[in-house]
Amino acid sequence: MATPSPAAPPQTVTPLYGERAIAEAQLITFPNPRVGRSYEVAIELPEFTCTCPFSGYPDFAVLRLLYQPGPRVLELKALKLYVNSYRDRSISHEEAANRILDDLVDASDPAWMQLEADFNPRGNVHTVVRVTHGERQPC
C-alpha cells in the first residue's frame, strides 16, 4: 500500500500584471487642446463584461461613448482599464450604464456626454441602455 504524499505547501500567487493594472485603474484626463471649440469624440469599447446580480451569469456589451469635451479629455488606456474593472462586478445593465457615465462626467466635466450600453441578447432579451449628461452643442 502506497504512503500518501504530504500535501504540497500553499503557493503564493502573484496577480498577473493585467490584473494588477485593472485593480488599480483610475480614470485619467489631460487638458483639452481646443477649449472653446465644439467637437465630439467617439469611443467604442466592444468587450465590456459584468455579471448579472440575479443569476450570476456573465453579461457582455458594446459600450459606445460620444462626448464633447469640456476642460479635460479622457485618456484612452485609463478608460480601457476602468471599464475592464467591471468584469467581475455584479451589477444591473441600468446601474452599470449610469455609474460609468457618472464616473466619466466626474473625471472629465464634459460639455455633453452620452453612453450607450448595448448588451448581447440573453434569454431572448436584448437590452440597450442610453444615458446622457449636459446639452449637446452643434459642431
# chains A, B, ... in the order shown; residues from 1 in each chain; ligands from 1
>>> closest_atom_pairs(of="segment 17-107 of chain A", to="segment 114-121 of chain A", cutoff="8 Å", atoms="only C-alpha atoms", output="Markdown table")
| residue | atom | partner | partner_atom | distance |
| --- | --- | --- | --- | --- |
| A:Asp59 | CA | A:Phe119 | CA | 7.1 |
| A:Phe60 | CA | A:Asn120 | CA | 5.6 |
| A:Ala61 | CA | A:Phe119 | CA | 4.0 |
| A:Val62 | CA | A:Asp118 | CA | 5.2 |
| A:Leu63 | CA | A:Ala117 | CA | 4.7 |
| A:Arg64 | CA | A:Glu116 | CA | 5.0 |
| A:Leu65 | CA | A:Leu115 | CA | 4.6 |
| A:Leu66 | CA | A:Gln114 | CA | 5.3 |
| A:Tyr67 | CA | A:Gln114 | CA | 6.1 |
| A:His93 | CA | A:Ala117 | CA | 7.7 |
| A:Ala97 | CA | A:Ala117 | CA | 6.2 |
| A:Leu101 | CA | A:Leu115 | CA | 6.4 |
>>> select_by_dssp(residues="chain A", states="strand (DSSP E)", output="PDB file with C-alpha atoms, in the first residue's frame")
ATOM      1  CA  THR A  29      -7.626  63.026 -18.101  1.00  0.00           C
ATOM      2  CA  PHE A  30      -5.495  65.636 -19.808  1.00  0.00           C
ATOM      3  CA  PRO A  31      -6.183  69.266 -20.735  1.00  0.00           C
ATOM      4  CA  VAL A  41     -15.031  62.299 -29.502  1.00  0.00           C
ATOM      5  CA  ALA A  42     -16.481  58.840 -30.253  1.00  0.00           C
ATOM      6  CA  ILE A  43     -15.103  55.774 -28.453  1.00  0.00           C
ATOM      7  CA  GLU A  44     -16.306  52.183 -28.780  1.00  0.00           C
ATOM      8  CA  LEU A  45     -15.472  49.578 -26.154  1.00  0.00           C
ATOM      9  CA  PRO A  46     -16.655  46.244 -27.641  1.00  0.00           C
ATOM     10  CA  GLU A  47     -15.629  43.895 -24.818  1.00  0.00           C
ATOM     11  CA  PHE A  48     -17.479  45.166 -21.732  1.00  0.00           C
ATOM     12  CA  THR A  49     -18.403  42.467 -19.230  1.00  0.00           C
ATOM     13  CA  CYS A  50     -20.057  42.347 -15.831  1.00  0.00           C
ATOM     14  CA  THR A  51     -22.182  39.770 -14.033  1.00  0.00           C
ATOM     15  CA  PRO A  58     -21.879  36.980 -17.338  1.00  0.00           C
ATOM     16  CA  ASP A  59     -23.284  39.871 -19.334  1.00  0.00           C
ATOM     17  CA  PHE A  60     -21.498  41.204 -22.413  1.00  0.00           C
ATOM     18  CA  ALA A  61     -21.979  44.586 -24.042  1.00  0.00           C
ATOM     19  CA  VAL A  62     -20.590  47.071 -26.501  1.00  0.00           C
ATOM     20  CA  LEU A  63     -20.177  50.483 -24.890  1.00  0.00           C
ATOM     21  CA  ARG A  64     -20.412  53.468 -27.228  1.00  0.00           C
ATOM     22  CA  LEU A  65     -19.246  56.733 -25.724  1.00  0.00           C
ATOM     23  CA  LEU A  66     -19.817  60.018 -27.526  1.00  0.00           C
ATOM     24  CA  TYR A  67     -18.841  63.258 -25.856  1.00  0.00           C
ATOM     25  CA  GLN A  68     -17.981  66.892 -26.323  1.00  0.00           C
ATOM     26  CA  ARG A  72     -10.460  67.763 -19.828  1.00  0.00           C
ATOM     27  CA  VAL A  73     -10.237  64.844 -22.258  1.00  0.00           C
ATOM     28  CA  LEU A  74     -10.333  61.172 -21.231  1.00  0.00           C
ATOM     29  CA  TRP A 112     -22.089  66.880 -23.202  1.00  0.00           C
ATOM     30  CA  MET A 113     -21.723  63.120 -22.927  1.00  0.00           C
ATOM     31  CA  GLN A 114     -23.747  60.095 -23.990  1.00  0.00           C
ATOM     32  CA  LEU A 115     -23.070  56.490 -23.120  1.00  0.00           C
ATOM     33  CA  GLU A 116     -24.870  53.653 -24.870  1.00  0.00           C
ATOM     34  CA  ALA A 117     -24.560  50.174 -23.365  1.00  0.00           C
ATOM     35  CA  ASP A 118     -25.704  47.644 -25.975  1.00  0.00           C
ATOM     36  CA  PHE A 119     -25.925  44.292 -24.163  1.00  0.00           C
ATOM     37  CA  VAL A 128     -29.784  48.864 -24.820  1.00  0.00           C
ATOM     38  CA  VAL A 129     -29.348  51.492 -22.102  1.00  0.00           C
ATOM     39  CA  ARG A 130     -28.594  55.057 -23.211  1.00  0.00           C
ATOM     40  CA  VAL A 131     -27.740  57.757 -20.671  1.00  0.00           C
ATOM     41  CA  THR A 132     -26.736  61.391 -21.245  1.00  0.00           C
ATOM     42  CA  HIS A 133     -25.336  64.381 -19.424  1.00  0.00           C
ATOM     43  CA  GLY A 134     -25.399  68.055 -20.399  1.00  0.00           C
TER      44      GLY A 134
END
>>> select_by_dssp(residues="segment 5-129 of chain A", states="helix (DSSP H, G or I)", output="VMD selection string")
chain A and resid 17 to 23 76 to 84 93 to 108
>>> write_last_selection(atoms="N, CA and C atoms", output="mmCIF file, in the first residue's frame")
data_model
loop_
_atom_site.group_PDB
_atom_site.id
_atom_site.type_symbol
_atom_site.label_atom_id
_atom_site.label_comp_id
_atom_site.auth_asym_id
_atom_site.auth_seq_id
_atom_site.Cartn_x
_atom_site.Cartn_y
_atom_site.Cartn_z
ATOM 1 N N TYR A 17 0.177 40.978 -14.262
ATOM 2 C CA TYR A 17 0.311 42.427 -14.423
ATOM 3 C C TYR A 17 -0.989 43.065 -14.909
ATOM 4 N N GLY A 18 -1.739 42.381 -15.769
ATOM 5 C CA GLY A 18 -3.006 42.929 -16.240
ATOM 6 C C GLY A 18 -4.034 43.010 -15.127
ATOM 7 N N GLU A 19 -4.074 41.992 -14.289
ATOM 8 C CA GLU A 19 -4.999 42.006 -13.152
ATOM 9 C C GLU A 19 -4.656 43.131 -12.188
ATOM 10 N N ARG A 20 -3.358 43.352 -11.968
ATOM 11 C CA ARG A 20 -2.942 44.447 -11.093
ATOM 12 C C ARG A 20 -3.329 45.791 -11.696
ATOM 13 N N ALA A 21 -3.112 45.953 -12.991
ATOM 14 C CA ALA A 21 -3.436 47.222 -13.662
ATOM 15 C C ALA A 21 -4.933 47.502 -13.583
ATOM 16 N N ILE A 22 -5.750 46.472 -13.775
ATOM 17 C CA ILE A 22 -7.202 46.650 -13.699
ATOM 18 C C ILE A 22 -7.616 46.987 -12.270
ATOM 19 N N ALA A 23 -7.054 46.301 -11.294
ATOM 20 C CA ALA A 23 -7.405 46.548 -9.892
ATOM 21 C C ALA A 23 -7.042 47.969 -9.459
ATOM 22 N N LEU A 76 -7.256 57.263 -23.042
ATOM 23 C CA LEU A 76 -7.867 56.024 -23.509
ATOM 24 C C LEU A 76 -7.419 54.769 -22.766
ATOM 25 N N LYS A 77 -6.141 54.625 -22.459
ATOM 26 C CA LYS A 77 -5.698 53.415 -21.752
ATOM 27 C C LYS A 77 -6.333 53.353 -20.365
ATOM 28 N N ALA A 78 -6.396 54.481 -19.682
ATOM 29 C CA ALA A 78 -7.023 54.514 -18.360
ATOM 30 C C ALA A 78 -8.510 54.174 -18.469
ATOM 31 N N LEU A 79 -9.163 54.659 -19.523
ATOM 32 C CA LEU A 79 -10.574 54.341 -19.745
ATOM 33 C C LEU A 79 -10.754 52.839 -19.950
ATOM 34 N N LYS A 80 -9.892 52.247 -20.749
ATOM 35 C CA LYS A 80 -9.957 50.800 -21.005
ATOM 36 C C LYS A 80 -9.821 50.013 -19.696
ATOM 37 N N LEU A 81 -8.844 50.372 -18.878
ATOM 38 C CA LEU A 81 -8.639 49.654 -17.619
ATOM 39 C C LEU A 81 -9.821 49.847 -16.675
ATOM 40 N N TYR A 82 -10.344 51.074 -16.616
ATOM 41 C CA TYR A 82 -11.510 51.360 -15.775
ATOM 42 C C TYR A 82 -12.694 50.481 -16.196
ATOM 43 N N VAL A 83 -12.972 50.426 -17.498
ATOM 44 C CA VAL A 83 -14.093 49.621 -17.990
ATOM 45 C C VAL A 83 -13.867 48.145 -17.683
ATOM 46 N N ASN A 84 -12.625 47.671 -17.812
ATOM 47 C CA ASN A 84 -12.331 46.267 -17.507
ATOM 48 C C ASN A 84 -12.538 45.937 -16.031
ATOM 49 N N HIS A 93 -27.764 46.122 -15.806
ATOM 50 C CA HIS A 93 -27.448 46.879 -17.019
ATOM 51 C C HIS A 93 -27.649 48.375 -16.792
ATOM 52 N N GLU A 94 -28.765 48.701 -16.175
ATOM 53 C CA GLU A 94 -29.112 50.109 -15.961
ATOM 54 C C GLU A 94 -28.125 50.800 -15.015
ATOM 55 N N GLU A 95 -27.784 50.129 -13.938
ATOM 56 C CA GLU A 95 -26.848 50.719 -12.977
ATOM 57 C C GLU A 95 -25.450 50.823 -13.567
ATOM 58 N N ALA A 96 -25.032 49.839 -14.340
ATOM 59 C CA ALA A 96 -23.700 49.892 -14.955
ATOM 60 C C ALA A 96 -23.587 51.120 -15.850
ATOM 61 N N ALA A 97 -24.557 51.330 -16.727
ATOM 62 C CA ALA A 97 -24.508 52.472 -17.638
ATOM 63 C C ALA A 97 -24.514 53.789 -16.874
ATOM 64 N N ASN A 98 -25.383 53.903 -15.885
ATOM 65 C CA ASN A 98 -25.468 55.151 -15.124
ATOM 66 C C ASN A 98 -24.222 55.410 -14.283
ATOM 67 N N ARG A 99 -23.692 54.386 -13.652
ATOM 68 C CA ARG A 99 -22.500 54.565 -12.819
ATOM 69 C C ARG A 99 -21.282 54.924 -13.667
ATOM 70 N N ILE A 100 -21.131 54.266 -14.802
ATOM 71 C CA ILE A 100 -19.993 54.582 -15.681
ATOM 72 C C ILE A 100 -20.104 56.019 -16.166
ATOM 73 N N LEU A 101 -21.298 56.430 -16.608
ATOM 74 C CA LEU A 101 -21.465 57.816 -17.053
ATOM 75 C C LEU A 101 -21.134 58.787 -15.922
ATOM 76 N N ASP A 102 -21.640 58.534 -14.728
ATOM 77 C CA ASP A 102 -21.359 59.419 -13.590
ATOM 78 C C ASP A 102 -19.849 59.547 -13.354
ATOM 79 N N ASP A 103 -19.136 58.428 -13.384
ATOM 80 C CA ASP A 103 -17.689 58.464 -13.150
ATOM 81 C C ASP A 103 -16.956 59.216 -14.255
ATOM 82 N N LEU A 104 -17.382 59.029 -15.508
ATOM 83 C CA LEU A 104 -16.737 59.727 -16.619
ATOM 84 C C LEU A 104 -17.004 61.232 -16.551
ATOM 85 N N VAL A 105 -18.210 61.608 -16.176
ATOM 86 C CA VAL A 105 -18.555 63.022 -16.019
ATOM 87 C C VAL A 105 -17.744 63.636 -14.885
ATOM 88 N N ASP A 106 -17.655 62.947 -13.759
ATOM 89 C CA ASP A 106 -16.871 63.450 -12.627
ATOM 90 C C ASP A 106 -15.409 63.654 -13.009
ATOM 91 N N ALA A 107 -14.863 62.750 -13.819
ATOM 92 C CA ALA A 107 -13.448 62.830 -14.184
ATOM 93 C C ALA A 107 -13.162 63.921 -15.205
ATOM 94 N N SER A 108 -14.073 64.121 -16.164
ATOM 95 C CA SER A 108 -13.722 64.979 -17.302
ATOM 96 C C SER A 108 -14.537 66.263 -17.442
#
